[in-house]
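Below is the file query_8.pdb, which contains PDB, C-alpha atoms and all ligand atoms.
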```pdb
ATOM      1  CA  MET A   1    -102.209 192.523 209.346  1.00  0.00           C
ATOM      2  CA  SER A   2    -102.699 195.773 207.521  1.00  0.00           C
ATOM      3  CA  GLU A   3    -101.269 196.560 204.119  1.00  0.00           C
ATOM      4  CA  VAL A   4     -97.856 197.895 205.011  1.00  0.00           C
ATOM      5  CA  VAL A   5     -95.332 198.556 202.315  1.00  0.00           C
ATOM      6  CA  SER A   6     -92.023 198.917 203.988  1.00  0.00           C
ATOM      7  CA  SER A   7     -88.562 199.511 202.675  1.00  0.00           C
ATOM      8  CA  SER A   8     -87.102 197.840 205.761  1.00  0.00           C
ATOM      9  CA  ARG A   9     -86.500 194.626 203.859  1.00  0.00           C
ATOM     10  CA  PHE A  10     -83.998 196.596 201.775  1.00  0.00           C
ATOM     11  CA  SER A  11     -82.399 198.349 204.700  1.00  0.00           C
ATOM     12  CA  ALA A  12     -80.548 195.416 206.220  1.00  0.00           C
ATOM     13  CA  ASP A  13     -76.814 195.926 206.154  1.00  0.00           C
ATOM     14  CA  GLU A  14     -76.035 192.779 204.232  1.00  0.00           C
ATOM     15  CA  HIS A  15     -77.621 193.054 200.828  1.00  0.00           C
ATOM     16  CA  ASP A  16     -76.539 193.788 197.318  1.00  0.00           C
ATOM     17  CA  HIS A  17     -77.455 197.447 197.088  1.00  0.00           C
ATOM     18  CA  ASP A  18     -76.748 197.497 193.344  1.00  0.00           C
ATOM     19  CA  ASP A  19     -79.941 195.456 193.004  1.00  0.00           C
ATOM     20  CA  CYS A  20     -81.888 198.181 194.825  1.00  0.00           C
ATOM     21  CA  VAL A  21     -80.464 200.848 192.514  1.00  0.00           C
ATOM     22  CA  GLU A  22     -81.173 198.832 189.368  1.00  0.00           C
ATOM     23  CA  LEU A  23     -84.703 198.101 190.549  1.00  0.00           C
ATOM     24  CA  ALA A  24     -85.282 201.804 191.252  1.00  0.00           C
ATOM     25  CA  VAL A  25     -84.034 202.739 187.778  1.00  0.00           C
ATOM     26  CA  GLU A  26     -86.180 200.029 186.137  1.00  0.00           C
ATOM     27  CA  ASN A  27     -89.250 201.207 188.071  1.00  0.00           C
ATOM     28  CA  ALA A  28     -88.559 204.788 187.053  1.00  0.00           C
ATOM     29  CA  GLU A  29     -88.117 203.876 183.388  1.00  0.00           C
ATOM     30  CA  ARG A  30     -91.381 201.971 183.338  1.00  0.00           C
ATOM     31  CA  ILE A  31     -93.350 204.642 185.228  1.00  0.00           C
ATOM     32  CA  CYS A  32     -92.047 207.426 182.994  1.00  0.00           C
ATOM     33  CA  ARG A  33     -92.891 205.392 179.887  1.00  0.00           C
ATOM     34  CA  GLN A  34     -96.423 204.711 181.172  1.00  0.00           C
ATOM     35  CA  ARG A  35     -97.017 208.366 182.015  1.00  0.00           C
ATOM     36  CA  GLY A  36     -95.305 209.776 178.948  1.00  0.00           C
ATOM     37  CA  LEU A  37     -92.626 211.513 181.007  1.00  0.00           C
ATOM     38  CA  ARG A  38     -89.104 212.073 179.759  1.00  0.00           C
ATOM     39  CA  PHE A  39     -86.580 210.201 181.883  1.00  0.00           C
ATOM     40  CA  THR A  40     -83.485 212.039 180.690  1.00  0.00           C
ATOM     41  CA  ALA A  41     -79.914 210.945 181.392  1.00  0.00           C
ATOM     42  CA  GLN A  42     -79.603 213.814 183.873  1.00  0.00           C
ATOM     43  CA  ARG A  43     -82.718 212.727 185.779  1.00  0.00           C
ATOM     44  CA  LYS A  44     -81.525 209.126 185.787  1.00  0.00           C
ATOM     45  CA  LYS A  45     -78.177 210.206 187.190  1.00  0.00           C
ATOM     46  CA  VAL A  46     -79.820 212.186 189.983  1.00  0.00           C
ATOM     47  CA  LEU A  47     -82.100 209.236 190.800  1.00  0.00           C
ATOM     48  CA  ARG A  48     -79.064 206.951 191.047  1.00  0.00           C
ATOM     49  CA  LEU A  49     -77.370 209.406 193.400  1.00  0.00           C
ATOM     50  CA  VAL A  50     -80.478 209.666 195.585  1.00  0.00           C
ATOM     51  CA  TRP A  51     -80.379 205.859 195.712  1.00  0.00           C
ATOM     52  CA  ASN A  52     -76.696 205.881 196.643  1.00  0.00           C
ATOM     53  CA  SER A  53     -77.818 204.379 199.946  1.00  0.00           C
ATOM     54  CA  HIS A  54     -80.977 203.993 201.981  1.00  0.00           C
ATOM     55  CA  LYS A  55     -80.123 207.147 203.863  1.00  0.00           C
ATOM     56  CA  PRO A  56     -81.556 210.502 202.887  1.00  0.00           C
ATOM     57  CA  VAL A  57     -79.255 212.689 200.873  1.00  0.00           C
ATOM     58  CA  GLY A  58     -79.114 216.472 200.598  1.00  0.00           C
ATOM     59  CA  ALA A  59     -79.229 218.351 197.302  1.00  0.00           C
ATOM     60  CA  TYR A  60     -75.673 219.591 197.738  1.00  0.00           C
ATOM     61  CA  ASP A  61     -74.352 216.080 198.329  1.00  0.00           C
ATOM     62  CA  ILE A  62     -75.966 215.097 195.058  1.00  0.00           C
ATOM     63  CA  LEU A  63     -74.434 218.096 193.319  1.00  0.00           C
ATOM     64  CA  ASP A  64     -71.068 217.215 194.807  1.00  0.00           C
ATOM     65  CA  ARG A  65     -71.192 213.682 193.431  1.00  0.00           C
ATOM     66  CA  MET A  66     -72.455 214.883 190.056  1.00  0.00           C
ATOM     67  CA  ASN A  67     -69.419 217.102 189.754  1.00  0.00           C
ATOM     68  CA  ARG A  68     -66.958 214.432 190.831  1.00  0.00           C
ATOM     69  CA  ASP A  69     -66.486 213.092 187.325  1.00  0.00           C
ATOM     70  CA  GLY A  70     -65.331 216.471 186.078  1.00  0.00           C
ATOM     71  CA  HIS A  71     -68.674 217.685 184.797  1.00  0.00           C
ATOM     72  CA  LYS A  72     -69.923 221.006 186.075  1.00  0.00           C
ATOM     73  CA  THR A  73     -73.587 220.810 186.981  1.00  0.00           C
ATOM     74  CA  ALA A  74     -75.408 223.923 188.127  1.00  0.00           C
ATOM     75  CA  PRO A  75     -77.510 223.680 191.314  1.00  0.00           C
ATOM     76  CA  PRO A  76     -80.789 224.543 189.485  1.00  0.00           C
ATOM     77  CA  THR A  77     -80.251 221.517 187.234  1.00  0.00           C
ATOM     78  CA  VAL A  78     -80.151 219.233 190.261  1.00  0.00           C
ATOM     79  CA  TYR A  79     -83.150 220.940 191.851  1.00  0.00           C
ATOM     80  CA  ARG A  80     -85.171 220.645 188.655  1.00  0.00           C
ATOM     81  CA  ALA A  81     -84.301 216.951 188.346  1.00  0.00           C
ATOM     82  CA  LEU A  82     -85.279 216.384 191.984  1.00  0.00           C
ATOM     83  CA  GLU A  83     -88.523 218.271 191.432  1.00  0.00           C
ATOM     84  CA  PHE A  84     -89.286 215.997 188.483  1.00  0.00           C
ATOM     85  CA  LEU A  85     -88.501 212.840 190.484  1.00  0.00           C
ATOM     86  CA  ILE A  86     -90.674 214.025 193.397  1.00  0.00           C
ATOM     87  CA  ASP A  87     -93.587 214.868 191.080  1.00  0.00           C
ATOM     88  CA  ALA A  88     -93.255 211.415 189.505  1.00  0.00           C
ATOM     89  CA  ASP A  89     -93.413 209.832 193.013  1.00  0.00           C
ATOM     90  CA  LEU A  90     -89.969 208.319 192.535  1.00  0.00           C
ATOM     91  CA  VAL A  91     -88.367 210.332 195.326  1.00  0.00           C
ATOM     92  CA  HIS A  92     -89.723 211.741 198.586  1.00  0.00           C
ATOM     93  CA  ARG A  93     -88.614 214.979 200.196  1.00  0.00           C
ATOM     94  CA  LEU A  94     -88.029 214.826 203.944  1.00  0.00           C
ATOM     95  CA  ASP A  95     -88.573 218.341 205.212  1.00  0.00           C
ATOM     96  CA  SER A  96     -87.234 217.733 208.706  1.00  0.00           C
ATOM     97  CA  LEU A  97     -83.864 216.715 207.245  1.00  0.00           C
ATOM     98  CA  ASN A  98     -84.005 218.903 204.142  1.00  0.00           C
ATOM     99  CA  ALA A  99     -83.058 215.763 202.250  1.00  0.00           C
ATOM    100  CA  PHE A 100     -84.324 213.284 199.691  1.00  0.00           C
ATOM    101  CA  VAL A 101     -84.844 209.553 199.684  1.00  0.00           C
ATOM    102  CA  GLY A 102     -85.802 207.132 196.924  1.00  0.00           C
ATOM    103  CA  CYS A 103     -89.241 205.555 197.095  1.00  0.00           C
ATOM    104  CA  PRO A 104     -89.077 201.735 197.085  1.00  0.00           C
ATOM    105  CA  GLU A 105     -92.714 201.403 195.987  1.00  0.00           C
ATOM    106  CA  PRO A 106     -93.340 204.115 193.381  1.00  0.00           C
ATOM    107  CA  ASN A 107     -95.935 201.973 191.585  1.00  0.00           C
ATOM    108  CA  ILE A 108     -98.468 202.252 194.369  1.00  0.00           C
ATOM    109  CA  PRO A 109    -100.008 205.653 195.130  1.00  0.00           C
ATOM    110  CA  HIS A 110     -99.370 206.339 198.797  1.00  0.00           C
ATOM    111  CA  ALA A 111     -98.835 208.896 201.493  1.00  0.00           C
ATOM    112  CA  GLY A 112     -95.307 208.651 202.819  1.00  0.00           C
ATOM    113  CA  GLN A 113     -94.781 207.766 206.449  1.00  0.00           C
ATOM    114  CA  PHE A 114     -91.145 207.808 207.408  1.00  0.00           C
ATOM    115  CA  LEU A 115     -89.342 206.342 210.387  1.00  0.00           C
ATOM    116  CA  ILE A 116     -86.136 208.354 210.641  1.00  0.00           C
ATOM    117  CA  CYS A 117     -83.322 207.026 212.843  1.00  0.00           C
ATOM    118  CA  GLN A 118     -81.653 209.848 214.749  1.00  0.00           C
ATOM    119  CA  SER A 119     -78.485 207.771 215.259  1.00  0.00           C
ATOM    120  CA  CYS A 120     -77.684 206.411 211.804  1.00  0.00           C
ATOM    121  CA  ARG A 121     -80.033 208.585 209.723  1.00  0.00           C
ATOM    122  CA  SER A 122     -81.485 205.526 207.999  1.00  0.00           C
ATOM    123  CA  VAL A 123     -85.055 205.931 206.826  1.00  0.00           C
ATOM    124  CA  THR A 124     -87.751 203.295 206.611  1.00  0.00           C
ATOM    125  CA  GLU A 125     -90.827 204.121 204.641  1.00  0.00           C
ATOM    126  CA  LEU A 126     -94.156 202.825 205.831  1.00  0.00           C
ATOM    127  CA  ASP A 127     -97.208 202.992 203.723  1.00  0.00           C
ATOM    128  CA  ASP A 128     -99.983 202.170 206.115  1.00  0.00           C
ATOM    129  CA  SER A 129    -103.297 203.206 204.636  1.00  0.00           C
ATOM    130  CA  LYS A 130    -104.893 202.949 208.095  1.00  0.00           C
ATOM    131  CA  ILE A 131    -102.766 205.911 209.190  1.00  0.00           C
ATOM    132  CA  SER A 132    -103.421 208.018 206.103  1.00  0.00           C
ATOM    133  CA  ASP A 133    -107.150 207.202 206.169  1.00  0.00           C
ATOM    134  CA  LEU A 134    -107.339 208.226 209.816  1.00  0.00           C
ATOM    135  CA  ILE A 135    -105.593 211.529 209.106  1.00  0.00           C
ATOM    136  CA  GLU A 136    -107.918 212.143 206.196  1.00  0.00           C
ATOM    137  CA  SER A 137    -111.077 211.458 208.191  1.00  0.00           C
ATOM    138  CA  SER A 138    -109.854 213.436 211.228  1.00  0.00           C
ATOM    139  CA  ALA A 139    -109.049 216.357 208.949  1.00  0.00           C
ATOM    140  CA  ALA A 140    -112.436 216.037 207.280  1.00  0.00           C
ATOM    141  CA  GLY A 141    -113.972 216.244 210.762  1.00  0.00           C
ATOM    142  CA  GLN A 142    -112.480 219.746 210.909  1.00  0.00           C
ATOM    143  CA  GLY A 143    -113.892 220.549 207.498  1.00  0.00           C
ATOM    144  CA  PHE A 144    -110.368 220.266 206.106  1.00  0.00           C
ATOM    145  CA  LYS A 145    -109.723 218.456 202.844  1.00  0.00           C
ATOM    146  CA  ALA A 146    -106.344 216.737 203.079  1.00  0.00           C
ATOM    147  CA  VAL A 147    -104.553 216.736 199.744  1.00  0.00           C
ATOM    148  CA  HIS A 148    -101.038 215.685 200.573  1.00  0.00           C
ATOM    149  CA  GLN A 149     -99.524 214.233 203.700  1.00  0.00           C
ATOM    150  CA  THR A 150     -96.039 213.257 204.722  1.00  0.00           C
ATOM    151  CA  LEU A 151     -95.340 211.997 208.219  1.00  0.00           C
ATOM    152  CA  GLU A 152     -91.818 212.127 209.588  1.00  0.00           C
ATOM    153  CA  ILE A 153     -91.293 210.150 212.768  1.00  0.00           C
ATOM    154  CA  GLN A 154     -87.947 210.514 214.559  1.00  0.00           C
ATOM    155  CA  GLY A 155     -86.543 207.738 216.725  1.00  0.00           C
ATOM    156  CA  THR A 156     -84.079 204.852 216.905  1.00  0.00           C
ATOM    157  CA  CYS A 157     -84.014 202.032 214.369  1.00  0.00           C
ATOM    158  CA  GLN A 158     -83.820 198.364 215.297  1.00  0.00           C
ATOM    159  CA  GLY A 159     -80.153 198.094 214.316  1.00  0.00           C
ATOM    160  CA  CYS A 160     -79.159 201.025 216.501  1.00  0.00           C
ATOM    161  CA  THR A 161     -81.313 199.820 219.407  1.00  0.00           C
ATOM    162  CA  THR A 162     -79.628 196.386 219.429  1.00  0.00           C
ATOM    163  CA  SER A 163     -76.133 197.780 218.993  1.00  0.00           C
ATOM    164  CA  GLY A 164     -76.836 200.290 221.775  1.00  0.00           C
ATOM    165  CA  ASN A 165     -75.919 203.347 219.694  1.00  0.00           C
TER
HETATM  166 ZN    ZN A 201     -80.203 198.648 199.085  1.00  0.00          ZN
HETATM  167 ZN    ZN A 202     -92.874 206.127 198.767  1.00  0.00          ZN
HETATM  168 ZN    ZN A 203     -80.259 203.599 213.225  1.00  0.00          ZN
END
```

Rewrite the structure from the file as structure tokens, please.
Ligand SMILES: [Zn+2]
Ligand SMILES: [Zn+2]
Ligand SMILES: [Zn+2]
Amino acid sequence: MSEVVSSSRFSADEHDHDDCVELAVENAERICRQRGLRFTAQRKKVLRLVWNSHKPVGAYDILDRMNRDGHKTAPPTVYRALEFLIDADLVHRLDSLNAFVGCPEPNIPHAGQFLICQSCRSVTELDDSKISDLIESSAAGQGFKAVHQTLEIQGTCQGCTTSGN
């Protein structure tokens, strides 16, 4: 068995998602403290909204929810908070969906590999170092130095396969 960090254990329908959110916030608080980063109330709020579910969420959905409690938040504020969370490895950007998803394992440096379900839009993050190492060495074979890699794999998740969606 290779070292695979997967968020799939959190993705099952029956679980207390509040625990996931609290864990994500605790992780973020600790990581920001360790790295001397400021985890402001605004950033915390955006992180919570990204973690609203295990499905990727768009910036405008986040903005929408931010403004639900009567506050008016400007789009750049949300983008800056997202930028911060991405830089701190707390959130990943999924380019193919133009959306964001919380990282379940922000403590471990990793290249994100994402299994994206085309039916229910759920996302499972893999962190298989065999895959990232292979990409790195293949790239190096071309004289290319890989700095950052994100893999987005589209398909059908186990839940949707069994329910025939
Ligand atoms: Zn959850
Ligand atoms: Zn991650
Ligand atoms: Zn699915």

- Item | Answer key for the PyMOL selection byres (((not hetatm)) within 7 of (chain A and resi 201)), residues as a ChimeraX atom specification | /A:10-11,15-21,53-54

Fill in: Expected selection from the PyMOL selection byres (((chain A and resi 51) around 12) and not hetatm), given as an NGL selection string
:A and (10-11 or 17-25 or 28 or 44-50 or 52-58 or 62 or 85 or 90-92 or 100-104)

Running the PyMOL selection byres (((not hetatm)) within 6 of (chain A and resi 202)) on this model by hand, what would come out? Give it as a PyMOL selection string. chain A and resi 103+105-106+112

Those same residues - C-alpha atoms - I'd like them written as a tab-separated table (two decimals), in the frame of the given file.
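In the end it all went to result-v7.tsv:
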```tsv
chain	number	residue	atom	x	y	z
A	103	CYS	CA	-89.24	205.56	197.10
A	105	GLU	CA	-92.71	201.40	195.99
A	106	PRO	CA	-93.34	204.12	193.38
A	112	GLY	CA	-95.31	208.65	202.82
```

Note to self: Taking all atoms listed in the file into account, which residues have an atom no farther than 12 Å from ligand ZN 203 (chain A)? I'd like them as an MDAnalysis selection string.
What the structure shows: chainID A and resid 8 11:13 54:55 115:124 154:165

Can you tell me, as lines of an AutoDock Vina configuration file, the centre and edge lengths (Å, one decimal) of the axis-aligned box enclosing all of region 126-134 of chain A's listed atoms after padding each side by 3 Å?
```
center_x = -100.7
center_y = 205.2
center_z = 206.8
size_x = 19.2
size_y = 12.1
size_z = 12.1
```

Exercise. Identify, on the basis of only C-alpha atoms, every residue whose closest approach to region 68-78 of chain A does not exceed 9 Å; exclude the query and any residue fewer than 5 positions from it along the same chain; express the result as a count of residues only.
Key: 8

Report task. Pick out the residues sitting within 10 Å of Arg38 (chain A), and hand them over as an NGL selection string; count all atoms listed in the file, and ignore anything fewer than 6 positions along from it in its own chain. Result -> :A and (29 or 32 or 84)

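The interatomic distance for the pair CA of Ala41 (chain A) and CA of Leu97 (chain A) works out to 26.8 Å.
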
Using all atoms listed in the file, the shortest atom-to-atom distance to Ala88 (chain A) among A:Asn107, A:Asp64, A:Ile131, A:Thr40 belongs to A:Asn107
